[in-house]
Amino acid sequence: MPSLSFEVFALVILEAFMQQTPVLVRNIGGMPEIIQESGGGLTYDTDQELLTAMDRLLNDSCYRDRLGASGHKALEQNWSADAHLRSYFPLIDKIATARGDLSRKTEPTFAV
């Protein structure tokens with residue numbers, strides 16, 4: 001993603017992770033943090049670093065596959081619907097408990 005401006009969270013990164021495709025992002029904004037957390041790609045500062053990273057991914061299929069698998073795993077663990085629901089239902093219970101609404105107990109009905 002040779003972005004020229006700051007982006008907080010580019011959805012195209014998750015779309016790439018869905019396809020087990022490693023991502024190259026400029027080292028600005030929030031995107032490098034996604035790459036660091038996921039291990040699903042590389043960051044760069046200069047055009048030369050971008051070219052070097054592209055060459056490495058092009059010529060090292062094992063490395064490319066490893067980054068792609070890491071990104072996909074991070075997507076499933078952190079940004080999938082199931083990951084959000086695993087956080088959402090306990091939050092609802094916490095809010096209901098804090099409000100004194102103990103009669104409502106949220107039970108997740110999704111497969112994890």
# chains A, B, ... in the order shown; residues from 1 in each chain; ligands from 1
$ residues_around --residues "Glu15 in chain A" --least-positions-apart "2" --cutoff "12 Å" --atoms "only C-alpha atoms" --output "PyMOL selection string"
chain A and resi 9-13+17-23+40+68+71-72+75-76+79-80
$ write_last_selection --atoms "N, CA and C atoms" --output "PDB file, in the first residue's frame"
ATOM      1  N   PHE A   9      -6.609   2.774   9.482  1.00  0.00           N
ATOM      2  CA  PHE A   9      -6.821   1.336   9.334  1.00  0.00           C
ATOM      3  C   PHE A   9      -7.395   1.084   7.955  1.00  0.00           C
ATOM      4  N   ALA A  10      -6.560   0.671   7.050  1.00  0.00           N
ATOM      5  CA  ALA A  10      -6.989   0.421   5.674  1.00  0.00           C
ATOM      6  C   ALA A  10      -7.596  -0.985   5.561  1.00  0.00           C
ATOM      7  N   LEU A  11      -8.835  -1.052   5.126  1.00  0.00           N
ATOM      8  CA  LEU A  11      -9.505  -2.348   4.989  1.00  0.00           C
ATOM      9  C   LEU A  11      -8.845  -3.239   3.946  1.00  0.00           C
ATOM     10  N   VAL A  12      -8.140  -2.631   2.997  1.00  0.00           N
ATOM     11  CA  VAL A  12      -7.477  -3.437   1.977  1.00  0.00           C
ATOM     12  C   VAL A  12      -6.444  -4.380   2.611  1.00  0.00           C
ATOM     13  N   ILE A  13      -5.910  -4.010   3.769  1.00  0.00           N
ATOM     14  CA  ILE A  13      -4.977  -4.900   4.474  1.00  0.00           C
ATOM     15  C   ILE A  13      -5.709  -6.164   4.894  1.00  0.00           C
ATOM     16  N   PHE A  17      -5.143 -10.052   3.822  1.00  0.00           N
ATOM     17  CA  PHE A  17      -4.970 -11.126   4.806  1.00  0.00           C
ATOM     18  C   PHE A  17      -5.977 -12.249   4.558  1.00  0.00           C
ATOM     19  N   MET A  18      -7.190 -11.889   4.136  1.00  0.00           N
ATOM     20  CA  MET A  18      -8.210 -12.891   3.852  1.00  0.00           C
ATOM     21  C   MET A  18      -7.730 -13.857   2.768  1.00  0.00           C
ATOM     22  N   GLN A  19      -6.923 -13.339   1.840  1.00  0.00           N
ATOM     23  CA  GLN A  19      -6.412 -14.146   0.736  1.00  0.00           C
ATOM     24  C   GLN A  19      -5.014 -14.700   1.024  1.00  0.00           C
ATOM     25  N   GLN A  20      -4.557 -14.545   2.271  1.00  0.00           N
ATOM     26  CA  GLN A  20      -3.215 -14.977   2.680  1.00  0.00           C
ATOM     27  C   GLN A  20      -2.134 -14.312   1.826  1.00  0.00           C
ATOM     28  N   THR A  21      -2.354 -13.044   1.544  1.00  0.00           N
ATOM     29  CA  THR A  21      -1.416 -12.258   0.758  1.00  0.00           C
ATOM     30  C   THR A  21      -0.680 -11.290   1.669  1.00  0.00           C
ATOM     31  N   PRO A  22       0.647 -11.321   1.689  1.00  0.00           N
ATOM     32  CA  PRO A  22       1.381 -10.368   2.526  1.00  0.00           C
ATOM     33  C   PRO A  22       1.209  -8.938   2.020  1.00  0.00           C
ATOM     34  N   VAL A  23       1.386  -7.996   2.928  1.00  0.00           N
ATOM     35  CA  VAL A  23       1.139  -6.591   2.632  1.00  0.00           C
ATOM     36  C   VAL A  23       2.423  -5.787   2.826  1.00  0.00           C
ATOM     37  N   GLY A  40       2.048  -9.979   9.181  1.00  0.00           N
ATOM     38  CA  GLY A  40       1.556 -10.313   7.850  1.00  0.00           C
ATOM     39  C   GLY A  40       2.099  -9.475   6.723  1.00  0.00           C
ATOM     40  N   GLY A  68       1.985 -14.391   4.589  1.00  0.00           N
ATOM     41  CA  GLY A  68       0.561 -14.512   4.250  1.00  0.00           C
ATOM     42  C   GLY A  68      -0.204 -15.316   5.279  1.00  0.00           C
ATOM     43  N   GLY A  71      -0.620 -13.200   8.480  1.00  0.00           N
ATOM     44  CA  GLY A  71      -1.674 -12.209   8.316  1.00  0.00           C
ATOM     45  C   GLY A  71      -3.057 -12.829   8.415  1.00  0.00           C
ATOM     46  N   HIS A  72      -3.223 -13.986   7.799  1.00  0.00           N
ATOM     47  CA  HIS A  72      -4.518 -14.673   7.838  1.00  0.00           C
ATOM     48  C   HIS A  72      -4.861 -15.099   9.261  1.00  0.00           C
ATOM     49  N   LEU A  75      -5.927 -12.085  11.203  1.00  0.00           N
ATOM     50  CA  LEU A  75      -7.271 -11.688  10.794  1.00  0.00           C
ATOM     51  C   LEU A  75      -8.310 -12.502  11.555  1.00  0.00           C
ATOM     52  N   GLU A  76      -8.134 -13.802  11.584  1.00  0.00           N
ATOM     53  CA  GLU A  76      -9.088 -14.679  12.269  1.00  0.00           C
ATOM     54  C   GLU A  76      -9.128 -14.406  13.767  1.00  0.00           C
ATOM     55  N   TRP A  79      -9.712  -9.694  13.930  1.00  0.00           N
ATOM     56  CA  TRP A  79     -10.589  -8.831  13.157  1.00  0.00           C
ATOM     57  C   TRP A  79     -11.741  -9.563  12.476  1.00  0.00           C
ATOM     58  N   SER A  80     -11.934 -10.815  12.756  1.00  0.00           N
ATOM     59  CA  SER A  80     -13.053 -11.549  12.158  1.00  0.00           C
ATOM     60  C   SER A  80     -14.334 -11.260  12.940  1.00  0.00           C
TER      61      SER A  80
END
$ closest_residue --among "A:Asp60, A:Asp65, A:Gln48, A:Ala74" --to "Ile35 in chain A" --atoms "only C-alpha atoms"
A:Ala74
$ residues_around --residues "Glu33 in chain A" --least-positions-apart "4" --cutoff "10 Å" --atoms "only C-alpha atoms" --output "PyMOL selection string"
chain A and resi 8-9+27-29+37-39+43
$ atom_distance --atom1 "CA of Ala16 in chain A" --atom2 "CA of Tyr44 in chain A"
17.5 Å
